[in-house]
Amino acid sequence: MAVIRVVLADDHAQVRAGIRNLLSRAADIEVMGEADNGAQALHLVQELAPDVLVLDMEMPGLKGPDVARQLKAEAAPVRILALSAYEDREFVFSMLNNGAAGYLLKGDAPAMLVDAVRGVSRGETGWISPKVAAKIAGWLPTRTAKSSPGDEATGPASPSQSS
Amino acid sequence: MEKEYSMSENGKVNILLVDDQPAKLLTYEAILSDLGENLIKASSGREALQHLLKIDIAVVLMDVSMPELDGFELAEIIRQHPRYQKTAIIFVSAVYLTDLDRLRGYEHGAVDYVSVPIIPEILRAKVSVFADLYRKTQQLERLNRELEQRVVERTAELERSMAQLRESEERLLMALDAANAGSFDWNIAANTVVWSPPHFTIFGLKTNGVSLDYQAWRDRVHGDDINRVEAVIAQSLAERRDINVEYRVVRPDGSICWANERGHTFYAEPGQPVRTVGVVIDITERKQAEERTTRLQAVAAALSAALTPSQVYEVIVQEAATSLDAKAGALHIVSDDGQWLELARTAGYRDEALKDYLHFPLTTPSPPAEAARTGEAVWLESAQALGLRYPQLSHDYKATGYEAAVSLPLWFERRTLGSLNFSFATVRAFDPEERDFLLTLARLCAQALERARLYQEAQQLNTELEQRVAERTSELQAAYKKLEEEAAERERAAAERNELQRRLMESRENERLHLAQELHDGPMQELHAITFHLASLQNLVTDETGQAQLAAGQAALHQVLQSLRLTATELRPSTLIPFGLASAIRSHADEFQEKHPDLELVLELAPAGPLLPEGVSLALFRIYQHALVNTAKYAQAQRVTVRLSQTPEQIHLEIEDDGCGFEMPAHWIDLARQGHLGLVGMVERAEAAGGRMKVISAPGQGTLIQVRVPQIPDR
């Protein structure tokens, strides 16, 4: 079984420690490196070529969506799993539209993170916290006619938690 | 025939029947009685003559053979009388040749004969012819007499009217003479003119030795008038109207008189004027009167155009002197204290003549002072007259070379204003008309002076009034300026207070943001870290109790995180800063809708423009947030609509619900007193962001909150 190589990007050392602790319990996941800002995250992805980047939304300097956009532009093969404290659509779409394969709320992450890392590493999309997924479902039928149509056009598919 | 007789019988005529035989008389009577005339019988020539002497006889019927006087003899006698020379005589006779011969001797008279035996019809016819002839002759004579009478009467009438005519002509001539009217008779065809003596007088000519024709008249008509006069005459002749024209006559001595000529023209057929007769009267006096009126009107017009005293002075002296033909004029006005006369304006006088008249007491014995003092004009017909009345002035006045002088009082309503004085080059009579004219002129001038004085007073009053208005205006302006300063001061104070309020609000917001950040970065992250650690424990805890306790701990921790997250979001809407107001409202609305599923929340958010300044975004968001909280708490609404739009000039936010609404108080402070502190706070936020907030509500009508904030690019 191939090991899933992961880089963590979060500006909070304690949160990183908690995540590393959680992921290290899984035998098939190895945390290759940790970045406490966006620039470092890009650097580590380039240097370590991980399978999955667990990317926090808010960081000093380059923020999560900026990092995702950059990697998408570079066509980096890394899969991005976004980690966020926010369930607002702008945040959600800022990640998903820039190539993030999943979007987990920090509250859901302890329960879902391991499976999500495994899922996105396999190329799955739609690893999204249920609450956010429910909201996306609400946003799709164009709740406000005056919303920019581009917002929903690239909306993610519903999560598939199978396998 | 008989009928005709009866009809023509106005008066019966007398028919004398003469015969010595009574039987024959009876026979004649019987035959002639049908004629209806008076039949008078005589049995002898003598008796017949007696009748003839007493009454008029129309026809005599007599027997030729009678004793004493036979018919022929009787006829002879009758014919001798002039009265009966034409009386008809009918002889009755046996036909004898000799008789017939004698009868012829009467043929020139009205004589006939009837032969014996008598045929009644023939006798009747003959008598009736003569009777009729007599009657006609009688009528003719009567008519003749009447006609003659009428002729006599008419002649008498004519004589009477002729006499009257002569009389009236005489009277007319007398009237013409009395009116100094002259008459003329212009024989157009012969070009001769006959004038009556007064006509000569009017034209200033002597009666004798002047041969008159049209040209002689024409020579005397004023050169400025002749064309007009000849045009009038030509037109009158052309239209067959009487001539009526006025013109000036230049007399040989150079003097001018005005004449009025009226003429009636006689025409020969076809329409050729032959002769014009008419009268000429001297209308100089009327013309002078008219001229004076015209002059007075001219002066009055000039005076009415003059407003100020000095303009009035100018008009009085110049215009009056000109229209009076005066050589010099001076206007003296009484001083304010009423003691002095002062020279106001003069024209024509030389300086040395005026030296004593510039400023002198009203009591001075001189014409200007006397007229001003007494109100009576001083008429001085000549320098000599002046010398007699004012011996002390005589020398100086004679030096001026003027003759007549007049000083007219300028009085107005029993008040003296001064006097108006003129000097003339020649001696002047000052006839009543002229005096009247001058006094009228003086009254006009006095009125104008008084009016000018009043005008000046009014001007002065006006100036004073304007001065006071100006003063008052400047006072008001000063007061206004002070008010403005005070207002500016108040405004500044209000601005400072607003600024302070805004800063307080900003600092409060900043504290909140800071607190939210602290919460987010510190405790929440640490708690998240713990959740990951706890999750790591899951595989290590194997017994059910442990698993359950771990799950409970995780759930509690999750709950804490959720509460903290909500608190932080309240303190700082997470999307507001990075994504703007619309986004923050949308996120907030999602959660609000979740919490209040019964209230339909409609968002009408225009596509977001450029990001608003943080302060504005935050203020509008807080207003929105408060409005929604209020709606949920108080409005009992079914639906609430949020509208957000943006123009380059302003941001417009509206929150409208269909709830119960409330009574709008007159003052904001009453809102606060009613406990609507949230609304007051919203208003303060709107104003702190430089905008205005309006609340429209009424019980049962829902509530509409409108906020407008101007876009300030450099804010």
# chains A, B, ... in the order shown; residues from 1 in each chain; ligands from 1
$ closest_atom_pairs --of "chain A" --to "chain B" --cutoff "10 Å" --atoms "only C-alpha atoms" --output "JSON lines"
{"residue": "A:Asp11", "atom": "CA", "partner": "B:Asp521", "partner_atom": "CA", "distance": 9.4}
{"residue": "A:His12", "atom": "CA", "partner": "B:Gln525", "partner_atom": "CA", "distance": 6.9}
{"residue": "A:Ala13", "atom": "CA", "partner": "B:Ala529", "partner_atom": "CA", "distance": 8.8}
{"residue": "A:Gln14", "atom": "CA", "partner": "B:Ala529", "partner_atom": "CA", "distance": 5.6}
{"residue": "A:Val15", "atom": "CA", "partner": "B:Ala529", "partner_atom": "CA", "distance": 4.2}
{"residue": "A:Arg16", "atom": "CA", "partner": "B:Ala529", "partner_atom": "CA", "distance": 7.4}
{"residue": "A:Ala17", "atom": "CA", "partner": "B:Ala529", "partner_atom": "CA", "distance": 7.2}
{"residue": "A:Gly18", "atom": "CA", "partner": "B:Phe532", "partner_atom": "CA", "distance": 4.8}
{"residue": "A:Ile19", "atom": "CA", "partner": "B:Phe532", "partner_atom": "CA", "distance": 5.7}
{"residue": "A:Arg20", "atom": "CA", "partner": "B:Phe532", "partner_atom": "CA", "distance": 8.7}
{"residue": "A:Asn21", "atom": "CA", "partner": "B:Ser536", "partner_atom": "CA", "distance": 6.5}
{"residue": "A:Leu22", "atom": "CA", "partner": "B:Ser536", "partner_atom": "CA", "distance": 4.6}
{"residue": "A:Leu23", "atom": "CA", "partner": "B:Ser536", "partner_atom": "CA", "distance": 8.0}
{"residue": "A:Ser24", "atom": "CA", "partner": "B:Ser536", "partner_atom": "CA", "distance": 8.7}
{"residue": "A:Arg25", "atom": "CA", "partner": "B:Ser536", "partner_atom": "CA", "distance": 6.8}
{"residue": "A:Ala26", "atom": "CA", "partner": "B:Ser536", "partner_atom": "CA", "distance": 9.6}
{"residue": "A:Glu58", "atom": "CA", "partner": "B:Asp521", "partner_atom": "CA", "distance": 9.9}
{"residue": "A:Ala85", "atom": "CA", "partner": "B:Arg565", "partner_atom": "CA", "distance": 8.3}
{"residue": "A:Tyr86", "atom": "CA", "partner": "B:Ser574", "partner_atom": "CA", "distance": 7.5}
{"residue": "A:Glu87", "atom": "CA", "partner": "B:Ser587", "partner_atom": "CA", "distance": 8.5}
{"residue": "A:Asp88", "atom": "CA", "partner": "B:Ser587", "partner_atom": "CA", "distance": 5.7}
{"residue": "A:Arg89", "atom": "CA", "partner": "B:Ser587", "partner_atom": "CA", "distance": 7.3}
{"residue": "A:Glu90", "atom": "CA", "partner": "B:Phe579", "partner_atom": "CA", "distance": 7.1}
{"residue": "A:Phe91", "atom": "CA", "partner": "B:Thr575", "partner_atom": "CA", "distance": 7.8}
{"residue": "A:Lys106", "atom": "CA", "partner": "B:His528", "partner_atom": "CA", "distance": 6.8}
{"residue": "A:Gly107", "atom": "CA", "partner": "B:His558", "partner_atom": "CA", "distance": 6.6}
{"residue": "A:Asp108", "atom": "CA", "partner": "B:His558", "partner_atom": "CA", "distance": 9.0}
{"residue": "A:Ala109", "atom": "CA", "partner": "B:Phe532", "partner_atom": "CA", "distance": 7.7}
{"residue": "A:Pro110", "atom": "CA", "partner": "B:Phe532", "partner_atom": "CA", "distance": 4.9}
{"residue": "A:Ala111", "atom": "CA", "partner": "B:Ala535", "partner_atom": "CA", "distance": 6.6}
{"residue": "A:Met112", "atom": "CA", "partner": "B:Ala535", "partner_atom": "CA", "distance": 9.8}
{"residue": "A:Leu113", "atom": "CA", "partner": "B:Phe532", "partner_atom": "CA", "distance": 9.3}
{"residue": "A:Lys135", "atom": "CA", "partner": "B:Asp590", "partner_atom": "CA", "distance": 8.4}
{"residue": "A:Gly138", "atom": "CA", "partner": "B:Asp590", "partner_atom": "CA", "distance": 9.3}
{"residue": "A:Trp139", "atom": "CA", "partner": "B:Asp590", "partner_atom": "CA", "distance": 9.6}
{"residue": "A:Arg143", "atom": "CA", "partner": "B:Leu603", "partner_atom": "CA", "distance": 8.5}
{"residue": "A:Thr144", "atom": "CA", "partner": "B:Leu603", "partner_atom": "CA", "distance": 6.3}
{"residue": "A:Ala145", "atom": "CA", "partner": "B:Glu604", "partner_atom": "CA", "distance": 7.7}
{"residue": "A:Lys146", "atom": "CA", "partner": "B:Ala606", "partner_atom": "CA", "distance": 5.8}
{"residue": "A:Ser147", "atom": "CA", "partner": "B:Pro607", "partner_atom": "CA", "distance": 6.4}
{"residue": "A:Ser148", "atom": "CA", "partner": "B:Pro607", "partner_atom": "CA", "distance": 6.7}
$ write_last_selection --atoms "C-alpha atoms" --output "PDB file, in the first residue's frame"
ATOM      1  CA  ASP A  11      -0.573  29.220  10.772  1.00  0.00           C
ATOM      2  CA  HIS A  12      -1.529  27.751  14.158  1.00  0.00           C
ATOM      3  CA  ALA A  13       1.146  25.439  15.444  1.00  0.00           C
ATOM      4  CA  GLN A  14      -1.202  23.776  17.928  1.00  0.00           C
ATOM      5  CA  VAL A  15      -3.737  23.050  15.201  1.00  0.00           C
ATOM      6  CA  ARG A  16      -0.990  21.631  13.005  1.00  0.00           C
ATOM      7  CA  ALA A  17       0.161  19.496  15.907  1.00  0.00           C
ATOM      8  CA  GLY A  18      -3.369  18.193  16.446  1.00  0.00           C
ATOM      9  CA  ILE A  19      -3.773  17.378  12.755  1.00  0.00           C
ATOM     10  CA  ARG A  20      -0.373  15.729  12.497  1.00  0.00           C
ATOM     11  CA  ASN A  21      -1.224  13.676  15.593  1.00  0.00           C
ATOM     12  CA  LEU A  22      -4.518  12.614  14.030  1.00  0.00           C
ATOM     13  CA  LEU A  23      -3.068  11.778  10.625  1.00  0.00           C
ATOM     14  CA  SER A  24      -0.056   9.959  12.060  1.00  0.00           C
ATOM     15  CA  ARG A  25      -2.413   7.417  13.571  1.00  0.00           C
ATOM     16  CA  ALA A  26      -3.195   6.309  10.024  1.00  0.00           C
ATOM     17  CA  GLU A  58      -6.654  31.838   6.664  1.00  0.00           C
ATOM     18  CA  ALA A  85     -13.488  27.808   9.958  1.00  0.00           C
ATOM     19  CA  TYR A  86     -15.970  29.428   7.558  1.00  0.00           C
ATOM     20  CA  GLU A  87     -18.998  28.064   5.831  1.00  0.00           C
ATOM     21  CA  ASP A  88     -19.760  31.216   3.799  1.00  0.00           C
ATOM     22  CA  ARG A  89     -20.170  30.686   0.095  1.00  0.00           C
ATOM     23  CA  GLU A  90     -17.434  33.077  -0.910  1.00  0.00           C
ATOM     24  CA  PHE A  91     -14.933  31.131   1.164  1.00  0.00           C
ATOM     25  CA  LYS A 106     -12.597  22.617  11.135  1.00  0.00           C
ATOM     26  CA  GLY A 107     -15.395  21.389  13.368  1.00  0.00           C
ATOM     27  CA  ASP A 108     -15.920  18.394  11.055  1.00  0.00           C
ATOM     28  CA  ALA A 109     -12.296  17.725  10.336  1.00  0.00           C
ATOM     29  CA  PRO A 110     -11.459  15.545  13.383  1.00  0.00           C
ATOM     30  CA  ALA A 111     -14.046  13.016  12.241  1.00  0.00           C
ATOM     31  CA  MET A 112     -13.605  13.294   8.481  1.00  0.00           C
ATOM     32  CA  LEU A 113     -10.044  14.344   7.843  1.00  0.00           C
ATOM     33  CA  LYS A 135     -25.695  25.036   1.935  1.00  0.00           C
ATOM     34  CA  GLY A 138     -29.393  25.673  -1.198  1.00  0.00           C
ATOM     35  CA  TRP A 139     -27.254  28.067  -3.187  1.00  0.00           C
ATOM     36  CA  ARG A 143     -31.512  31.748  -4.258  1.00  0.00           C
ATOM     37  CA  THR A 144     -30.872  35.342  -5.209  1.00  0.00           C
ATOM     38  CA  ALA A 145     -31.492  36.235  -8.786  1.00  0.00           C
ATOM     39  CA  LYS A 146     -28.947  38.964  -8.605  1.00  0.00           C
ATOM     40  CA  SER A 147     -26.096  36.772  -7.528  1.00  0.00           C
ATOM     41  CA  SER A 148     -23.296  36.474  -9.977  1.00  0.00           C
TER      42      SER A 148
END
$ residues_around --residues "stretch 118-122 of chain A" --least-positions-apart "3" --cutoff "8 Å" --atoms "only C-alpha atoms" --output "ChimeraX atom specification"
/A:4,51-52,79-81,101-102,114-115,125,127,161,163
$ write_last_selection --atoms "N, CA and C atoms" --output "compact mmCIF listing (two decimals), in the first residue's frame"
# COMPACT_ATOMS: atom_id res chain seq x y z
N ILE A 4 0.37 7.79 1.59
CA ILE A 4 -0.13 9.10 1.11
C ILE A 4 0.70 10.19 1.75
N ASP A 51 1.25 14.21 -2.11
CA ASP A 51 0.02 13.82 -2.80
C ASP A 51 -1.12 14.76 -2.42
N VAL A 52 -1.13 15.13 -1.15
CA VAL A 52 -2.24 15.97 -0.66
C VAL A 52 -1.70 17.16 0.13
N ARG A 79 -3.14 17.27 -4.70
CA ARG A 79 -4.59 17.42 -4.44
C ARG A 79 -4.76 18.27 -3.20
N ILE A 80 -5.67 19.16 -3.25
CA ILE A 80 -5.81 20.10 -2.15
C ILE A 80 -7.07 19.78 -1.36
N LEU A 81 -6.91 19.67 -0.06
CA LEU A 81 -8.05 19.52 0.83
C LEU A 81 -8.10 20.78 1.70
N ALA A 101 -10.03 19.96 -3.89
CA ALA A 101 -10.84 18.77 -4.11
C ALA A 101 -11.84 18.56 -2.99
N GLY A 102 -11.55 19.17 -1.83
CA GLY A 102 -12.47 19.01 -0.71
C GLY A 102 -12.47 20.24 0.16
N VAL A 114 -9.19 12.07 8.01
CA VAL A 114 -8.40 10.92 7.53
C VAL A 114 -9.01 10.35 6.26
N ASP A 115 -10.31 10.15 6.32
CA ASP A 115 -10.98 9.60 5.13
C ASP A 115 -10.89 10.57 3.96
N THR A 125 -13.40 13.96 -5.73
CA THR A 125 -13.77 15.34 -5.35
C THR A 125 -15.02 15.25 -4.50
N TRP A 127 -15.28 16.04 -1.23
CA TRP A 127 -15.12 15.82 0.21
C TRP A 127 -15.40 17.14 0.91
N GLN A 161 -18.74 9.57 -0.35
CA GLN A 161 -17.90 9.05 0.73
C GLN A 161 -17.61 7.56 0.55
N SER A 163 -16.04 4.10 -0.57
CA SER A 163 -14.70 3.53 -0.66
C SER A 163 -13.64 4.39 -0.03
$ closest_residue --among "B:Glu239, B:Glu291, B:Glu649, B:Asp19" --to "B:Asp63" --atoms "only C-alpha atoms"
B:Asp19
